Structure formats: structure tokens, C-alpha cells
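S.K.: Take a look at the following structure, please.
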Amino acid sequence: MLEQLKEILVSKLKVTPEQVVPEATHEELELDSLAVVELSLVLEQELGLTISDDELLEAPTIGDMVALMDERSAKV
């Protein structure tokens, strides 16, 4: 899941690949609320994962987002 999230962040949200590490925070990646909304939409379109922007904002790090993605993919 980390690789899939990294690919989305790099290709869609213009984050540099080196920045996408599990301990990186939203602030470090410069993901504002609009970017997180876009990320939520892309996760649903490309991976079929329904995760709200609020849930993504509550996940403090990339690692936490990946855990949330893992949790959701297990339910699918």
C-alpha cells in the first residue's frame, strides 16, 4: 500500500518521491486540505478505497494513512 500511495502522491499531487516516507506528516509533504480531498477521491477511483478526507487528515503520518488503507482494503 505504501508504494501505491507514494505513486499517487507523486503522480497526482506532485510530491517528490524522497519525501514519501512512513513518518512524513501532511505538513512535511505540504498537503493542504484541498490536496487531501483530491487524495481521497483518487484512492476511491483508482483503488476502490472509501476513505474520507477527514479520516486522512486525522492520520498524522503517511504510515498512518497506509494503515487506514490496509484496513479498508481488508473490508473490500
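Identifiers in this document derive from the order of the C-alpha cells: chains are assigned A, B, ..., residues are numbered from 1 separately in each chain, and ligands are numbered from 1 in order of occurrence.
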I'd like the neighbourhood of A:Ile62 as a VMD selection string, where a residue qualifies if any of its atoms comes within 9 Å (using only C-alpha atoms), though same-chain residues fewer than 4 positions away should be ignored.

M.R.: chain A and resid 2 5 20 to 26 66 to 67

S.K.: Got time to write the residues from that selection, all heavy atoms, as a PDB file, in the first residue's frame?

M.R.:
```pdb
ATOM      1  N   LEU A   2       1.992   1.205   0.674  1.00  0.00           N
ATOM      2  CA  LEU A   2       2.855   2.392   0.713  1.00  0.00           C
ATOM      3  C   LEU A   2       3.278   2.783  -0.701  1.00  0.00           C
ATOM      4  O   LEU A   2       3.235   3.955  -1.066  1.00  0.00           O
ATOM      5  CB  LEU A   2       4.087   2.163   1.594  1.00  0.00           C
ATOM      6  CG  LEU A   2       5.079   3.328   1.661  1.00  0.00           C
ATOM      7  CD1 LEU A   2       4.408   4.594   2.188  1.00  0.00           C
ATOM      8  CD2 LEU A   2       6.281   2.981   2.506  1.00  0.00           C
ATOM      9  N   LEU A   5       0.336   4.406  -2.502  1.00  0.00           N
ATOM     10  CA  LEU A   5       0.104   5.762  -2.005  1.00  0.00           C
ATOM     11  C   LEU A   5       1.197   6.691  -2.521  1.00  0.00           C
ATOM     12  O   LEU A   5       0.917   7.803  -2.963  1.00  0.00           O
ATOM     13  CB  LEU A   5       0.060   5.773  -0.476  1.00  0.00           C
ATOM     14  CG  LEU A   5      -0.177   7.134   0.172  1.00  0.00           C
ATOM     15  CD1 LEU A   5      -1.488   7.767  -0.297  1.00  0.00           C
ATOM     16  CD2 LEU A   5      -0.162   7.015   1.690  1.00  0.00           C
ATOM     17  N   VAL A  20       8.151  10.914   0.481  1.00  0.00           N
ATOM     18  CA  VAL A  20       7.113   9.970   0.880  1.00  0.00           C
ATOM     19  C   VAL A  20       7.735   8.819   1.680  1.00  0.00           C
ATOM     20  O   VAL A  20       8.146   7.810   1.142  1.00  0.00           O
ATOM     21  CB  VAL A  20       6.324   9.427  -0.334  1.00  0.00           C
ATOM     22  CG1 VAL A  20       5.171   8.550   0.132  1.00  0.00           C
ATOM     23  CG2 VAL A  20       5.798  10.583  -1.175  1.00  0.00           C
ATOM     24  N   VAL A  21       7.813   9.040   2.976  1.00  0.00           N
ATOM     25  CA  VAL A  21       8.301   8.027   3.916  1.00  0.00           C
ATOM     26  C   VAL A  21       7.232   7.857   4.993  1.00  0.00           C
ATOM     27  O   VAL A  21       6.461   8.786   5.247  1.00  0.00           O
ATOM     28  CB  VAL A  21       9.658   8.435   4.528  1.00  0.00           C
ATOM     29  CG1 VAL A  21      10.759   8.417   3.472  1.00  0.00           C
ATOM     30  CG2 VAL A  21       9.578   9.787   5.196  1.00  0.00           C
ATOM     31  N   PRO A  22       7.179   6.684   5.630  1.00  0.00           N
ATOM     32  CA  PRO A  22       6.103   6.426   6.603  1.00  0.00           C
ATOM     33  C   PRO A  22       5.971   7.475   7.706  1.00  0.00           C
ATOM     34  O   PRO A  22       4.866   7.760   8.155  1.00  0.00           O
ATOM     35  CB  PRO A  22       6.476   5.059   7.182  1.00  0.00           C
ATOM     36  CG  PRO A  22       7.224   4.391   6.080  1.00  0.00           C
ATOM     37  CD  PRO A  22       7.996   5.498   5.401  1.00  0.00           C
ATOM     38  N   GLU A  23       7.078   8.070   8.130  1.00  0.00           N
ATOM     39  CA  GLU A  23       6.990   9.029   9.234  1.00  0.00           C
ATOM     40  C   GLU A  23       6.705  10.468   8.792  1.00  0.00           C
ATOM     41  O   GLU A  23       6.550  11.358   9.621  1.00  0.00           O
ATOM     42  CB  GLU A  23       8.258   8.974  10.107  1.00  0.00           C
ATOM     43  CG  GLU A  23       9.573   9.144   9.384  1.00  0.00           C
ATOM     44  CD  GLU A  23      10.081   7.865   8.690  1.00  0.00           C
ATOM     45  OE1 GLU A  23       9.541   6.763   8.886  1.00  0.00           O
ATOM     46  OE2 GLU A  23      11.020   7.999   7.911  1.00  0.00           O
ATOM     47  N   ALA A  24       6.577  10.697   7.491  1.00  0.00           N
ATOM     48  CA  ALA A  24       6.297  12.052   6.987  1.00  0.00           C
ATOM     49  C   ALA A  24       4.881  12.490   7.365  1.00  0.00           C
ATOM     50  O   ALA A  24       3.947  11.706   7.326  1.00  0.00           O
ATOM     51  CB  ALA A  24       6.468  12.091   5.478  1.00  0.00           C
ATOM     52  N   THR A  25       4.744  13.764   7.711  1.00  0.00           N
ATOM     53  CA  THR A  25       3.438  14.317   8.074  1.00  0.00           C
ATOM     54  C   THR A  25       2.842  15.083   6.896  1.00  0.00           C
ATOM     55  O   THR A  25       3.534  15.367   5.916  1.00  0.00           O
ATOM     56  CB  THR A  25       3.561  15.293   9.261  1.00  0.00           C
ATOM     57  OG1 THR A  25       4.369  16.405   8.842  1.00  0.00           O
ATOM     58  CG2 THR A  25       4.191  14.626  10.472  1.00  0.00           C
ATOM     59  N   HIS A  26       1.576  15.452   7.025  1.00  0.00           N
ATOM     60  CA  HIS A  26       0.902  16.259   5.977  1.00  0.00           C
ATOM     61  C   HIS A  26       1.691  17.539   5.735  1.00  0.00           C
ATOM     62  O   HIS A  26       1.880  17.956   4.588  1.00  0.00           O
ATOM     63  CB  HIS A  26      -0.502  16.686   6.404  1.00  0.00           C
ATOM     64  CG  HIS A  26      -1.413  15.564   6.729  1.00  0.00           C
ATOM     65  ND1 HIS A  26      -2.735  15.748   6.969  1.00  0.00           N
ATOM     66  CD2 HIS A  26      -1.214  14.232   6.854  1.00  0.00           C
ATOM     67  CE1 HIS A  26      -3.310  14.598   7.235  1.00  0.00           C
ATOM     68  NE2 HIS A  26      -2.399  13.663   7.175  1.00  0.00           N
ATOM     69  N   VAL A  66      -1.374   4.729   5.358  1.00  0.00           N
ATOM     70  CA  VAL A  66      -1.207   3.389   4.790  1.00  0.00           C
ATOM     71  C   VAL A  66      -1.957   2.362   5.640  1.00  0.00           C
ATOM     72  O   VAL A  66      -2.627   1.476   5.113  1.00  0.00           O
ATOM     73  CB  VAL A  66       0.289   3.016   4.651  1.00  0.00           C
ATOM     74  CG1 VAL A  66       0.462   1.554   4.299  1.00  0.00           C
ATOM     75  CG2 VAL A  66       0.950   3.903   3.601  1.00  0.00           C
ATOM     76  N   ALA A  67      -1.885   2.499   6.967  1.00  0.00           N
ATOM     77  CA  ALA A  67      -2.598   1.586   7.862  1.00  0.00           C
ATOM     78  C   ALA A  67      -4.106   1.682   7.623  1.00  0.00           C
ATOM     79  O   ALA A  67      -4.808   0.657   7.602  1.00  0.00           O
ATOM     80  CB  ALA A  67      -2.257   1.913   9.311  1.00  0.00           C
TER      81      ALA A  67
END
```

S.K.: Write out as a ChimeraX atom specification all residues of chain A that backbone DSSP assigns to alpha helix (DSSP H).

M.R.: /A:2-13,26-29,33-47,53-58,62-75

S.K.: By how many Å are atom CA of A:Lys6 and atom CA of A:Gly63 apart?

M.R.: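 Atom-to-atom, atom CA of A:Lys6 to atom CA of A:Gly63, that is 10.9 Å.
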
S.K.: Report, in Å with one decimal, the straight-line distance from atom CA of A:Val36 to atom CA of A:Asp54.

M.R.: 8.4 Å

S.K.: Extract, using only C-alpha atoms, all DNA, RNA and protein residues at most 10 Å from A:Ser52, discarding same-chain residues fewer than 3 positions from it, and format them as a PyMOL selection string.

M.R.: chain A and resi 36-37+39-41+43-44+49+55-58

S.K.: Which residue, A:Val42, A:Leu31, A:Leu68, A:Ala59, has the smallest gap to A:Gln19 when you use only C-alpha atoms?

M.R.: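 The closest residue to A:Gln19 is A:Leu31.
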
S.K.: In terms of the shortest atom-to-atom distance over only C-alpha atoms, which of A:Asp64, A:Asp70, A:Glu3, A:Glu46 is closest to A:Pro17?

M.R.: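 Ranked by minimum distance to A:Pro17, first place goes to A:Glu3.
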
S.K.: Looking at A:Gly48, A:Val15, A:Ser33, A:Glu27, which one is nearest to A:Met69, with distances taken over only C-alpha atoms?

M.R.: A:Gly48
